[in-house]
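Source file query.cif; content: mmCIF, C-alpha atoms.
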```
data_run
loop_
_atom_site.group_PDB
_atom_site.id
_atom_site.type_symbol
_atom_site.label_atom_id
_atom_site.label_comp_id
_atom_site.auth_asym_id
_atom_site.auth_seq_id
_atom_site.Cartn_x
_atom_site.Cartn_y
_atom_site.Cartn_z
ATOM 1 C CA MET A 288 3.003 150.350 170.470
ATOM 2 C CA LEU A 289 -0.658 150.306 171.341
ATOM 3 C CA PHE A 290 0.216 150.849 174.987
ATOM 4 C CA MET A 291 2.445 153.799 174.089
ATOM 5 C CA ALA A 292 -0.282 155.327 171.936
ATOM 6 C CA VAL A 293 -2.863 155.029 174.740
ATOM 7 C CA PHE A 294 -0.398 156.367 177.299
ATOM 8 C CA CYS A 295 0.551 159.349 175.104
ATOM 9 C CA GLY A 296 -3.116 160.050 174.521
ATOM 10 C CA PHE A 297 -3.702 159.975 178.258
ATOM 11 C CA LEU A 298 -0.826 162.431 178.817
ATOM 12 C CA ALA A 299 -2.136 164.734 176.102
ATOM 13 C CA GLU A 300 -5.611 164.666 177.657
ATOM 14 C CA LEU A 301 -4.117 165.364 181.077
ATOM 15 C CA GLN A 302 -2.117 168.273 179.703
ATOM 16 C CA LEU A 303 -5.190 169.669 177.954
ATOM 17 C CA GLU A 304 -7.234 169.388 181.150
ATOM 18 C CA HIS A 305 -4.457 171.142 183.080
ATOM 19 C CA TYR A 306 -4.383 173.920 180.471
ATOM 20 C CA ILE A 307 -8.153 174.374 180.608
ATOM 21 C CA GLU A 308 -8.151 174.484 184.423
ATOM 22 C CA HIS A 309 -5.315 177.007 184.426
ATOM 23 C CA LYS A 310 -7.334 179.219 182.058
ATOM 24 C CA ARG A 311 -10.374 178.909 184.334
ATOM 25 C CA GLU A 312 -8.207 179.681 187.356
ATOM 26 C CA LYS A 313 -6.884 182.885 185.804
ATOM 27 C CA LYS A 314 -10.374 183.907 184.663
ATOM 28 C CA TYR A 315 -11.717 183.572 188.202
ATOM 29 C CA ILE A 316 -8.680 185.289 189.724
ATOM 30 C CA GLU A 317 -9.087 188.243 187.358
ATOM 31 C CA ARG A 318 -12.633 188.663 188.714
ATOM 32 C CA VAL A 319 -11.383 188.426 192.309
ATOM 33 C CA TYR A 320 -8.725 190.980 191.428
ATOM 34 C CA LYS A 321 -11.360 193.410 190.121
ATOM 35 C CA ASP A 322 -13.386 192.940 193.319
ATOM 36 C CA LEU A 323 -10.303 193.670 195.434
ATOM 37 C CA LYS A 324 -9.685 196.806 193.390
ATOM 38 C CA LYS A 325 -13.244 197.939 194.160
ATOM 39 C CA ASP A 326 -12.693 197.152 197.841
ATOM 40 C CA THR A 327 -9.512 199.216 197.941
ATOM 41 C CA ALA A 328 -11.238 202.154 196.236
ATOM 42 C CA PHE A 329 -14.101 201.968 198.748
ATOM 43 C CA TYR A 330 -11.692 201.822 201.708
ATOM 44 C CA ASN A 331 -9.973 205.007 200.537
ATOM 45 C CA GLN A 332 -13.278 206.798 199.997
ATOM 46 C CA HIS A 333 -14.872 205.533 203.209
ATOM 47 C CA LYS A 334 -11.856 206.539 205.267
ATOM 48 C CA LYS A 335 -12.289 210.138 204.035
ATOM 49 C CA TYR A 336 -15.976 210.002 204.956
ATOM 50 C CA LEU A 337 -15.223 208.670 208.445
ATOM 51 C CA SER A 338 -12.578 211.362 208.893
ATOM 52 C CA GLY A 339 -15.272 213.960 208.182
ATOM 53 C CA VAL A 340 -17.626 212.383 210.727
ATOM 54 C CA TYR A 341 -14.852 212.230 213.326
ATOM 55 C CA HIS A 342 -14.033 215.937 212.982
ATOM 56 C CA LEU A 343 -17.739 216.848 212.912
ATOM 57 C CA MET A 344 -18.249 215.077 216.249
ATOM 58 C CA ASP A 345 -15.161 216.801 217.618
ATOM 59 C CA SER A 346 -16.524 220.232 216.610
ATOM 60 C CA MET A 347 -19.945 219.527 218.108
ATOM 61 C CA ILE A 348 -18.388 218.392 221.401
ATOM 62 C CA THR A 349 -16.272 221.544 221.580
ATOM 63 C CA GLN A 350 -19.211 223.850 220.840
ATOM 64 C CA LEU A 351 -21.476 222.093 223.329
ATOM 65 C CA HIS A 352 -18.810 222.126 226.013
ATOM 66 C CA THR A 353 -18.063 225.847 225.569
ATOM 67 C CA ASP A 354 -21.639 226.932 224.774
ATOM 68 C CA THR A 355 -20.395 228.473 221.519
ATOM 69 C CA TYR A 356 -23.065 226.547 219.579
ATOM 70 C CA LYS A 357 -25.375 229.430 220.559
ATOM 71 C CA ASN A 358 -23.279 231.901 218.561
ATOM 72 C CA ASP A 359 -24.421 230.490 215.215
ATOM 73 C CA PRO A 360 -27.544 228.336 215.620
ATOM 74 C CA ASP A 361 -28.012 227.919 211.862
ATOM 75 C CA GLN A 362 -24.547 226.423 211.528
ATOM 76 C CA PHE A 363 -25.099 224.099 214.480
ATOM 77 C CA TYR A 364 -28.440 222.983 213.028
ATOM 78 C CA LEU A 365 -26.578 222.093 209.842
ATOM 79 C CA MET A 366 -24.042 220.127 211.884
ATOM 80 C CA GLY A 367 -26.895 218.296 213.611
ATOM 81 C CA LEU A 368 -28.348 217.396 210.228
ATOM 82 C CA ARG A 369 -25.021 215.977 209.046
ATOM 83 C CA ALA A 370 -24.563 214.116 212.337
ATOM 84 C CA ARG A 371 -27.747 212.124 211.698
ATOM 85 C CA ALA A 372 -26.495 210.788 208.363
ATOM 86 C CA GLY A 373 -24.746 207.429 208.135
ATOM 87 C CA ARG A 374 -23.214 205.061 205.599
ATOM 88 C CA TYR A 375 -22.934 201.312 205.579
ATOM 89 C CA PHE A 376 -19.742 199.375 204.986
ATOM 90 C CA GLU A 377 -19.329 197.923 201.490
ATOM 91 C CA TYR A 378 -17.255 195.110 200.088
ATOM 92 C CA TYR A 379 -17.277 193.005 196.929
ATOM 93 C CA ASN A 380 -17.053 189.234 197.237
ATOM 94 C CA THR A 381 -19.092 187.976 194.267
ATOM 95 C CA ALA A 382 -16.170 186.330 192.453
ATOM 96 C CA PHE A 383 -14.812 184.633 195.572
ATOM 97 C CA GLU A 384 -18.264 183.352 196.561
ATOM 98 C CA GLN A 385 -18.764 181.942 193.061
ATOM 99 C CA MET A 386 -15.481 180.069 193.337
ATOM 100 C CA LYS A 387 -16.355 178.789 196.805
ATOM 101 C CA THR A 388 -19.895 177.616 196.054
ATOM 102 C CA SER A 389 -18.883 175.965 192.772
ATOM 103 C CA GLY A 390 -15.909 174.175 194.361
ATOM 104 C CA ASN A 391 -13.439 176.059 192.192
ATOM 105 C CA LEU A 392 -11.241 177.345 195.001
ATOM 106 C CA ARG A 393 -9.259 174.164 194.333
ATOM 107 C CA LEU A 394 -8.111 175.779 191.075
ATOM 108 C CA ILE A 395 -5.863 178.190 192.998
ATOM 109 C CA GLN A 396 -2.506 176.436 193.041
ATOM 110 C CA ASN A 397 -0.711 178.941 195.270
ATOM 111 C CA GLU A 398 -1.677 177.804 198.772
ATOM 112 C CA GLN A 399 -0.366 180.975 200.404
ATOM 113 C CA LEU A 400 -2.582 183.098 198.158
ATOM 114 C CA LEU A 401 -5.557 180.824 198.796
ATOM 115 C CA ASP A 402 -5.070 181.046 202.573
ATOM 116 C CA SER A 403 -4.784 184.843 202.373
ATOM 117 C CA LEU A 404 -7.988 185.116 200.341
ATOM 118 C CA VAL A 405 -9.896 182.815 202.700
ATOM 119 C CA ASN A 406 -8.721 184.800 205.751
ATOM 120 C CA TYR A 407 -9.595 188.128 204.115
ATOM 121 C CA TYR A 408 -13.150 187.150 203.174
ATOM 122 C CA TYR A 409 -13.695 185.342 206.472
ATOM 123 C CA LEU A 410 -12.797 188.554 208.312
ATOM 124 C CA LEU A 411 -15.192 190.561 206.140
ATOM 125 C CA ASP A 412 -18.004 188.056 206.591
ATOM 126 C CA LYS A 413 -17.653 187.863 210.371
ATOM 127 C CA ARG A 414 -16.868 191.446 211.341
ATOM 128 C CA VAL A 415 -18.539 193.841 208.894
ATOM 129 C CA THR A 416 -22.056 193.017 210.143
ATOM 130 C CA ILE A 417 -20.930 193.599 213.735
ATOM 131 C CA ILE A 418 -19.205 196.876 212.815
ATOM 132 C CA ASP A 419 -22.300 198.137 210.984
ATOM 133 C CA SER A 420 -24.614 197.033 213.802
ATOM 134 C CA ARG A 421 -22.604 198.830 216.477
ATOM 135 C CA GLY A 422 -22.359 201.946 214.329
ATOM 136 C CA LEU A 423 -26.127 201.921 213.757
ATOM 137 C CA ASP A 424 -26.809 201.543 217.498
ATOM 138 C CA VAL A 425 -24.645 204.582 218.275
ATOM 139 C CA LEU A 426 -26.179 206.610 215.443
ATOM 140 C CA THR A 427 -29.711 205.756 216.607
ATOM 141 C CA GLU A 428 -29.012 206.984 220.136
ATOM 142 C CA LEU A 429 -27.266 210.103 218.822
ATOM 143 C CA THR A 430 -30.259 210.880 216.592
ATOM 144 C CA LYS A 431 -32.611 210.627 219.586
ATOM 145 C CA ALA A 432 -30.442 213.081 221.525
ATOM 146 C CA ILE A 433 -30.363 215.498 218.574
ATOM 147 C CA ASN A 434 -34.144 215.285 218.234
ATOM 148 C CA ALA A 435 -34.445 216.354 221.885
ATOM 149 C CA PHE A 436 -32.077 219.283 221.344
ATOM 150 C CA PHE A 437 -33.206 220.710 217.993
ATOM 151 C CA ASP A 438 -36.505 222.021 216.633
ATOM 152 C CA ALA A 439 -37.139 220.603 213.145
ATOM 153 C CA GLY A 440 -39.634 223.404 212.495
ATOM 154 C CA TYR A 441 -36.728 225.692 211.588
ATOM 155 C CA TYR A 442 -35.599 223.503 208.696
ATOM 156 C CA THR A 443 -36.736 224.631 205.256
ATOM 157 C CA ASN A 444 -36.616 222.622 202.025
ATOM 158 C CA ASN A 445 -33.984 223.239 199.394
ATOM 159 C CA GLY A 446 -35.114 222.165 195.924
ATOM 160 C CA THR A 447 -37.799 219.557 195.259
ATOM 161 C CA PHE A 448 -38.489 216.045 196.482
ATOM 162 C CA ASP A 449 -37.028 214.238 193.463
ATOM 163 C CA ASP A 450 -34.203 216.572 192.459
ATOM 164 C CA GLY A 451 -31.441 214.222 193.634
ATOM 165 C CA ILE A 452 -29.857 216.699 196.055
ATOM 166 C CA LEU A 453 -27.876 215.074 198.848
ATOM 167 C CA PHE A 454 -29.757 214.689 202.141
ATOM 168 C CA THR A 455 -27.477 217.113 203.986
ATOM 169 C CA ARG A 456 -28.056 219.761 201.305
ATOM 170 C CA SER A 457 -31.806 219.255 201.080
ATOM 171 C CA PHE A 458 -32.520 221.407 204.132
ATOM 172 C CA SER A 459 -31.306 224.671 205.615
ATOM 173 C CA THR A 460 -32.320 226.994 208.444
ATOM 174 C CA GLN A 461 -32.654 230.715 208.881
ATOM 175 C CA ASN A 462 -32.762 232.426 212.272
ATOM 176 C CA ALA A 463 -33.021 229.065 214.012
ATOM 177 C CA ARG A 464 -33.632 228.883 217.731
ATOM 178 C CA PHE A 465 -33.014 226.121 220.222
ATOM 179 C CA PRO A 466 -36.024 224.857 222.191
ATOM 180 C CA GLU A 467 -35.983 224.789 225.957
ATOM 181 C CA SER A 468 -33.497 222.110 226.907
ATOM 182 C CA THR A 469 -32.055 220.799 230.144
ATOM 183 C CA ALA A 470 -28.386 220.591 230.994
ATOM 184 C CA GLN A 471 -28.882 216.838 231.062
ATOM 185 C CA ASN A 472 -29.987 216.842 227.400
ATOM 186 C CA LYS A 473 -26.900 218.813 226.403
ATOM 187 C CA LEU A 474 -24.642 216.484 228.392
ATOM 188 C CA LEU A 475 -26.258 213.443 226.772
ATOM 189 C CA LEU A 476 -25.772 214.880 223.286
ATOM 190 C CA LYS A 477 -22.151 215.743 224.019
ATOM 191 C CA ASN A 478 -21.403 212.272 225.388
ATOM 192 C CA LEU A 479 -23.102 210.549 222.450
ATOM 193 C CA CYS A 480 -21.056 212.660 220.045
ATOM 194 C CA HIS A 481 -17.987 211.382 221.864
ATOM 195 C CA LEU A 482 -19.304 207.813 221.662
ATOM 196 C CA ARG A 483 -19.763 208.103 217.910
ATOM 197 C CA LYS A 484 -16.303 209.631 217.641
ATOM 198 C CA SER A 485 -14.870 206.583 219.431
ATOM 199 C CA ASN A 486 -16.923 204.230 217.263
ATOM 200 C CA VAL A 487 -15.657 205.923 214.101
ATOM 201 C CA LYS A 488 -12.073 205.531 215.313
ATOM 202 C CA SER A 489 -12.586 201.787 215.755
ATOM 203 C CA GLN A 490 -14.083 201.604 212.255
ATOM 204 C CA VAL A 491 -11.044 203.377 210.817
ATOM 205 C CA ASN A 492 -8.703 200.940 212.567
ATOM 206 C CA PHE A 493 -10.616 198.007 211.061
ATOM 207 C CA LEU A 494 -10.644 199.731 207.677
ATOM 208 C CA MET A 495 -6.878 200.206 207.734
ATOM 209 C CA ASP A 496 -6.345 196.516 208.539
ATOM 210 C CA LEU A 497 -8.518 195.542 205.576
ATOM 211 C CA GLN A 498 -6.742 198.034 203.363
ATOM 212 C CA LYS A 499 -3.376 196.442 204.174
ATOM 213 C CA MET A 500 -4.761 192.961 203.515
ATOM 214 C CA SER A 501 -6.381 193.884 200.197
ATOM 215 C CA THR A 502 -3.224 195.682 199.030
ATOM 216 C CA ARG A 503 -1.072 192.625 199.831
ATOM 217 C CA LEU A 504 -3.549 190.378 198.009
ATOM 218 C CA LEU A 505 -3.462 192.586 194.934
ATOM 219 C CA GLN A 506 0.319 192.475 194.943
ATOM 220 C CA GLN A 507 0.313 188.674 195.327
ATOM 221 C CA ILE A 508 -2.104 188.266 192.425
ATOM 222 C CA GLU A 509 -0.178 190.666 190.217
ATOM 223 C CA LYS A 510 3.010 188.705 190.838
ATOM 224 C CA GLU A 511 1.505 185.227 190.531
ATOM 225 C CA TYR A 512 -0.681 185.843 187.454
ATOM 226 C CA GLU A 513 1.112 188.787 185.860
ATOM 227 C CA ILE A 514 -1.967 190.971 186.093
ATOM 228 C CA LYS A 515 -1.684 194.753 186.003
#
```
With the file now loaded, output its structure as C-alpha cells.
Amino acid sequence: MLFMAVFCGFLAELQLEHYIEHKREKKYIERVYKDLKKDTAFYNQHKKYLSGVYHLMDSMITQLHTDTYKNDPDQFYLMGLRARAGRYFEYYNTAFEQMKTSGNLRLIQNEQLLDSLVNYYYLLDKRVTIIDSRGLDVLTELTKAINAFFDAGYYTNNGTFDDGILFTRSFSTQNARFPESTAQNKLLLKNLCHLRKSNVKSQVNFLMDLQKMSTRLLQQIEKEYEIK
C-alpha cells in the first residue's frame, strides 16, 4: 500500500509537471506567434515600399536614357531626393531568442514545428545582415552619383527642423537647374539606378520566401495550439 501511495504520488507529480510545462510551452508559442504576425505585417508593408523604389529607379533610368529629365527639373530633383532614402529590414525574434537562450525550445513537442522555426530564424539571422549590407553599398554609390549630378542649392526647406515631416517631403525645388555634367556622370547614375533596381528585385525575392515561411508557421501554430 505504501508503495502504491508513493507511486501514485509520483505519477501525480509527473502529470502536474507535464501540465505546467505545457502551459509554459503555449505561453512562449503565443509570443512567437505574435512576433510572426509582426513579421508578416512588415513583409507586406516593406514589399510595397520596395515596389515604389523599383518603379522610381525605372522612371529615372528612362528619363536619363531619353534626356526627358530636362523637361521637368523640379520633378527629377524630387526623384533624386527619394532615391537617396533607404530602409532597413526588420524582423521580430525576441520570443524565439528567449526560448533558445533559456533552454526552453525543448518545450515544443511538435518536432516539425520546431525544425521549421529553427530554419526560419536561422535564415533571418544569416541573410538579413548580408541583404542590408549589399543594399547599403548600392545606395551609397547611387547617392554619390546623384550628388555629382544635382545641385543641392536649389532645395528649399519645407516646414521646420522638428516638425516631423518625412524626409522626402522636407525639401522642394523651384526653377531648379542641373550643373555642368559629363556624359560619363549621367551614364554612371543611370547604371547605378539599374543596379539598385536589380538589388531591390533580389530583396523582394528574399522577402517573398520569408513571407511564405512565416505564413506556413502561423498556420502550423494555429492548428497545433488552437490559436487564432
Straight-line distance linking CA of Phe448 in chain A with CA of Tyr375 in chain A, stated in Å to one decimal: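 Interatomic distance, CA of Phe448 in chain A to CA of Tyr375 in chain A: 23.3 Å.
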Taking a cut-off of 12 Å and counting all atoms listed in the file, can you build a table that, for each residue of range 432-514 of chain A near range 326-348 of chain A, reports the nearest atom pair and how far apart they are in Å (one decimal), sorted by chain then residue number, as a Markdown table?
```
| residue | atom | partner | partner_atom | distance |
| --- | --- | --- | --- | --- |
| A:Ile433 | CA | A:Met347 | CA | 11.2 |
| A:Lys473 | CA | A:Ile348 | CA | 9.9 |
| A:Leu474 | CA | A:Ile348 | CA | 9.6 |
| A:Leu475 | CA | A:Ile348 | CA | 10.7 |
| A:Leu476 | CA | A:Ile348 | CA | 8.4 |
| A:Lys477 | CA | A:Ile348 | CA | 5.3 |
| A:Asn478 | CA | A:Ile348 | CA | 7.9 |
| A:Leu479 | CA | A:Met344 | CA | 9.1 |
| A:Cys480 | CA | A:Met344 | CA | 5.3 |
| A:His481 | CA | A:Met344 | CA | 6.7 |
| A:Leu482 | CA | A:Met344 | CA | 9.1 |
| A:Arg483 | CA | A:Met344 | CA | 7.3 |
| A:Lys484 | CA | A:Tyr341 | CA | 5.2 |
| A:Ser485 | CA | A:Tyr341 | CA | 8.3 |
| A:Asn486 | CA | A:Tyr341 | CA | 9.2 |
| A:Val487 | CA | A:Leu337 | CA | 6.3 |
| A:Lys488 | CA | A:Tyr341 | CA | 7.5 |
| A:Ser489 | CA | A:Leu337 | CA | 10.4 |
| A:Gln490 | CA | A:Leu337 | CA | 8.1 |
| A:Val491 | CA | A:Lys334 | CA | 6.4 |
| A:Asn492 | CA | A:Lys334 | CA | 9.7 |
| A:Phe493 | CA | A:Tyr330 | CA | 10.2 |
| A:Leu494 | CA | A:Tyr330 | CA | 6.4 |
| A:Met495 | CA | A:Tyr330 | CA | 7.9 |
| A:Asp496 | CA | A:Tyr330 | CA | 10.2 |
| A:Leu497 | CA | A:Tyr330 | CA | 8.0 |
| A:Gln498 | CA | A:Thr327 | CA | 6.2 |
| A:Lys499 | CA | A:Thr327 | CA | 9.2 |
| A:Met500 | CA | A:Thr327 | CA | 9.6 |
| A:Ser501 | CA | A:Thr327 | CA | 6.6 |
| A:Thr502 | CA | A:Thr327 | CA | 7.3 |
| A:Arg503 | CA | A:Thr327 | CA | 10.9 |
| A:Leu504 | CA | A:Thr327 | CA | 10.7 |
| A:Leu505 | CA | A:Thr327 | CA | 9.5 |
```
Decode the PyMOL selection byres ((chain A and resi 457-470) around 12) for the given file into explicit residues and return them as a PyMOL selection string. chain A and resi 351-352+354+356-369+432-456+471-477
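Here CA of Tyr379 in chain A and CA of Asp322 in chain A stand 5.3 Å from one another.
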What's around Thr381 in chain A at 9 Å? Count all atoms listed in the file, leave out sequence neighbours fewer than 2 positions away in its own chain, and write the answer as a PyMOL selection string. chain A and resi 318-319+322+379+383-386
If you keep C-alpha atoms, can you produce a file of those selected residues as a tab-separated table (two decimals), in the coordinates of the input?
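Written out: part.tsv:
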```tsv
chain	number	residue	atom	x	y	z
A	318	ARG	CA	-12.63	188.66	188.71
A	319	VAL	CA	-11.38	188.43	192.31
A	322	ASP	CA	-13.39	192.94	193.32
A	379	TYR	CA	-17.28	193.00	196.93
A	383	PHE	CA	-14.81	184.63	195.57
A	384	GLU	CA	-18.26	183.35	196.56
A	385	GLN	CA	-18.76	181.94	193.06
A	386	MET	CA	-15.48	180.07	193.34
```
Residues within 12 Å of Asn391 in chain A, only C-alpha atoms, excluding chain neighbours under 3 positions, as a ChimeraX atom specification: /A:308-309,311-316,382-388,394-396,401
Got a sec to write range 338-451 of chain A of the block to a file, C-alpha atoms, as a PDB file, in the first residue's frame?
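Listed below is the output, selection_20.pdb:
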```
ATOM      1  CA  SER A 338       7.898  48.221 -55.263  1.00  0.00           C
ATOM      2  CA  GLY A 339       7.933  52.026 -55.071  1.00  0.00           C
ATOM      3  CA  VAL A 340      11.741  52.108 -55.147  1.00  0.00           C
ATOM      4  CA  TYR A 341      11.820  49.701 -58.092  1.00  0.00           C
ATOM      5  CA  HIS A 342       9.460  51.844 -60.182  1.00  0.00           C
ATOM      6  CA  LEU A 343      11.278  55.034 -59.141  1.00  0.00           C
ATOM      7  CA  MET A 344      14.563  53.597 -60.433  1.00  0.00           C
ATOM      8  CA  ASP A 345      12.816  52.508 -63.619  1.00  0.00           C
ATOM      9  CA  SER A 346      11.475  56.046 -64.194  1.00  0.00           C
ATOM     10  CA  MET A 347      14.861  57.644 -63.544  1.00  0.00           C
ATOM     11  CA  ILE A 348      16.574  55.257 -65.979  1.00  0.00           C
ATOM     12  CA  THR A 349      14.010  56.036 -68.673  1.00  0.00           C
ATOM     13  CA  GLN A 350      14.304  59.804 -68.204  1.00  0.00           C
ATOM     14  CA  LEU A 351      18.098  59.707 -68.175  1.00  0.00           C
ATOM     15  CA  HIS A 352      18.220  57.493 -71.241  1.00  0.00           C
ATOM     16  CA  THR A 353      15.831  59.710 -73.236  1.00  0.00           C
ATOM     17  CA  ASP A 354      17.016  63.050 -71.807  1.00  0.00           C
ATOM     18  CA  THR A 355      13.437  63.808 -70.744  1.00  0.00           C
ATOM     19  CA  TYR A 356      14.642  64.557 -67.195  1.00  0.00           C
ATOM     20  CA  LYS A 357      15.429  68.040 -68.560  1.00  0.00           C
ATOM     21  CA  ASN A 358      11.745  68.685 -69.270  1.00  0.00           C
ATOM     22  CA  ASP A 359      10.866  68.978 -65.579  1.00  0.00           C
ATOM     23  CA  PRO A 360      13.990  69.508 -63.454  1.00  0.00           C
ATOM     24  CA  ASP A 361      11.989  70.114 -60.269  1.00  0.00           C
ATOM     25  CA  GLN A 362      10.311  66.734 -60.598  1.00  0.00           C
ATOM     26  CA  PHE A 363      13.612  64.991 -61.289  1.00  0.00           C
ATOM     27  CA  TYR A 364      15.192  66.699 -58.273  1.00  0.00           C
ATOM     28  CA  LEU A 365      12.352  65.290 -56.186  1.00  0.00           C
ATOM     29  CA  MET A 366      13.010  61.837 -57.640  1.00  0.00           C
ATOM     30  CA  GLY A 367      16.696  62.207 -56.773  1.00  0.00           C
ATOM     31  CA  LEU A 368      15.757  63.083 -53.207  1.00  0.00           C
ATOM     32  CA  ARG A 369      13.572  59.984 -52.897  1.00  0.00           C
ATOM     33  CA  ALA A 370      16.276  57.830 -54.496  1.00  0.00           C
ATOM     34  CA  ARG A 371      18.679  58.679 -51.665  1.00  0.00           C
ATOM     35  CA  ALA A 372      16.310  57.390 -48.981  1.00  0.00           C
ATOM     36  CA  GLY A 373      16.572  53.832 -47.688  1.00  0.00           C
ATOM     37  CA  ARG A 374      15.011  51.491 -45.144  1.00  0.00           C
ATOM     38  CA  TYR A 375      16.479  48.625 -43.202  1.00  0.00           C
ATOM     39  CA  PHE A 376      14.992  45.156 -42.992  1.00  0.00           C
ATOM     40  CA  GLU A 377      13.080  44.382 -39.790  1.00  0.00           C
ATOM     41  CA  TYR A 378      12.131  41.176 -38.058  1.00  0.00           C
ATOM     42  CA  TYR A 379      10.995  40.181 -34.575  1.00  0.00           C
ATOM     43  CA  ASN A 380      12.722  37.286 -32.842  1.00  0.00           C
ATOM     44  CA  THR A 381      12.571  38.242 -29.150  1.00  0.00           C
ATOM     45  CA  ALA A 382      10.317  35.355 -28.089  1.00  0.00           C
ATOM     46  CA  PHE A 383      12.285  32.731 -30.010  1.00  0.00           C
ATOM     47  CA  GLU A 384      15.610  34.017 -28.659  1.00  0.00           C
ATOM     48  CA  GLN A 385      14.236  33.897 -25.111  1.00  0.00           C
ATOM     49  CA  MET A 386      13.236  30.276 -25.612  1.00  0.00           C
ATOM     50  CA  LYS A 387      16.614  29.417 -27.122  1.00  0.00           C
ATOM     51  CA  THR A 388      18.801  31.113 -24.512  1.00  0.00           C
ATOM     52  CA  SER A 389      16.753  29.753 -21.600  1.00  0.00           C
ATOM     53  CA  GLY A 390      16.767  26.198 -22.990  1.00  0.00           C
ATOM     54  CA  ASN A 391      13.002  26.196 -23.406  1.00  0.00           C
ATOM     55  CA  LEU A 392      12.938  25.177 -27.057  1.00  0.00           C
ATOM     56  CA  ARG A 393      12.689  21.657 -25.629  1.00  0.00           C
ATOM     57  CA  LEU A 394       9.134  22.535 -24.566  1.00  0.00           C
ATOM     58  CA  ILE A 395       7.962  22.423 -28.196  1.00  0.00           C
ATOM     59  CA  GLN A 396       6.710  18.873 -28.619  1.00  0.00           C
ATOM     60  CA  ASN A 397       5.975  19.090 -32.344  1.00  0.00           C
ATOM     61  CA  GLU A 398       9.368  18.392 -33.920  1.00  0.00           C
ATOM     62  CA  GLN A 399       8.243  19.507 -37.374  1.00  0.00           C
ATOM     63  CA  LEU A 400       7.185  22.886 -35.984  1.00  0.00           C
ATOM     64  CA  LEU A 401      10.425  23.192 -34.025  1.00  0.00           C
ATOM     65  CA  ASP A 402      12.513  22.430 -37.126  1.00  0.00           C
ATOM     66  CA  SER A 403      10.533  24.977 -39.159  1.00  0.00           C
ATOM     67  CA  LEU A 404      11.036  27.675 -36.524  1.00  0.00           C
ATOM     68  CA  VAL A 405      14.767  26.967 -36.248  1.00  0.00           C
ATOM     69  CA  ASN A 406      15.180  27.107 -40.047  1.00  0.00           C
ATOM     70  CA  TYR A 407      13.172  30.335 -40.301  1.00  0.00           C
ATOM     71  CA  TYR A 408      15.158  32.210 -37.650  1.00  0.00           C
ATOM     72  CA  TYR A 409      18.455  30.776 -38.880  1.00  0.00           C
ATOM     73  CA  LEU A 410      17.701  32.171 -42.343  1.00  0.00           C
ATOM     74  CA  LEU A 411      16.852  35.577 -40.874  1.00  0.00           C
ATOM     75  CA  ASP A 412      19.972  35.636 -38.717  1.00  0.00           C
ATOM     76  CA  LYS A 413      22.327  34.670 -41.539  1.00  0.00           C
ATOM     77  CA  ARG A 414      20.906  36.543 -44.517  1.00  0.00           C
ATOM     78  CA  VAL A 415      19.264  39.774 -43.346  1.00  0.00           C
ATOM     79  CA  THR A 416      22.598  41.391 -42.409  1.00  0.00           C
ATOM     80  CA  ILE A 417      24.014  40.479 -45.825  1.00  0.00           C
ATOM     81  CA  ILE A 418      20.911  41.786 -47.620  1.00  0.00           C
ATOM     82  CA  ASP A 419      21.044  45.083 -45.715  1.00  0.00           C
ATOM     83  CA  SER A 420      24.797  45.434 -46.265  1.00  0.00           C
ATOM     84  CA  ARG A 421      24.535  44.930 -50.020  1.00  0.00           C
ATOM     85  CA  GLY A 422      21.600  47.322 -50.229  1.00  0.00           C
ATOM     86  CA  LEU A 423      23.538  49.965 -48.284  1.00  0.00           C
ATOM     87  CA  ASP A 424      26.582  49.578 -50.563  1.00  0.00           C
ATOM     88  CA  VAL A 425      24.430  50.150 -53.656  1.00  0.00           C
ATOM     89  CA  LEU A 426      22.612  53.086 -52.056  1.00  0.00           C
ATOM     90  CA  THR A 427      25.913  54.706 -51.034  1.00  0.00           C
ATOM     91  CA  GLU A 428      27.264  54.556 -54.584  1.00  0.00           C
ATOM     92  CA  LEU A 429      23.959  55.797 -56.011  1.00  0.00           C
ATOM     93  CA  THR A 430      23.980  58.742 -53.589  1.00  0.00           C
ATOM     94  CA  LYS A 431      27.498  59.699 -54.717  1.00  0.00           C
ATOM     95  CA  ALA A 432      26.365  59.670 -58.351  1.00  0.00           C
ATOM     96  CA  ILE A 433      23.312  61.803 -57.521  1.00  0.00           C
ATOM     97  CA  ASN A 434      25.494  64.282 -55.639  1.00  0.00           C
ATOM     98  CA  ALA A 435      27.606  64.683 -58.791  1.00  0.00           C
ATOM     99  CA  PHE A 436      24.513  65.243 -60.934  1.00  0.00           C
ATOM    100  CA  PHE A 437      22.371  67.555 -58.787  1.00  0.00           C
ATOM    101  CA  ASP A 438      22.916  70.954 -57.175  1.00  0.00           C
ATOM    102  CA  ALA A 439      21.635  70.918 -53.578  1.00  0.00           C
ATOM    103  CA  GLY A 440      21.499  74.722 -53.622  1.00  0.00           C
ATOM    104  CA  TYR A 441      18.119  74.515 -55.362  1.00  0.00           C
ATOM    105  CA  TYR A 442      16.492  72.631 -52.492  1.00  0.00           C
ATOM    106  CA  THR A 443      14.429  74.749 -50.113  1.00  0.00           C
ATOM    107  CA  ASN A 444      13.117  73.735 -46.687  1.00  0.00           C
ATOM    108  CA  ASN A 445       9.506  72.790 -46.138  1.00  0.00           C
ATOM    109  CA  GLY A 446       8.389  73.334 -42.542  1.00  0.00           C
ATOM    110  CA  THR A 447      10.743  73.408 -39.558  1.00  0.00           C
ATOM    111  CA  PHE A 448      13.516  71.180 -38.273  1.00  0.00           C
ATOM    112  CA  ASP A 449      11.434  69.363 -35.650  1.00  0.00           C
ATOM    113  CA  ASP A 450       8.019  69.258 -37.311  1.00  0.00           C
ATOM    114  CA  GLY A 451       8.138  65.512 -38.006  1.00  0.00           C
TER     115      GLY A 451
END
```
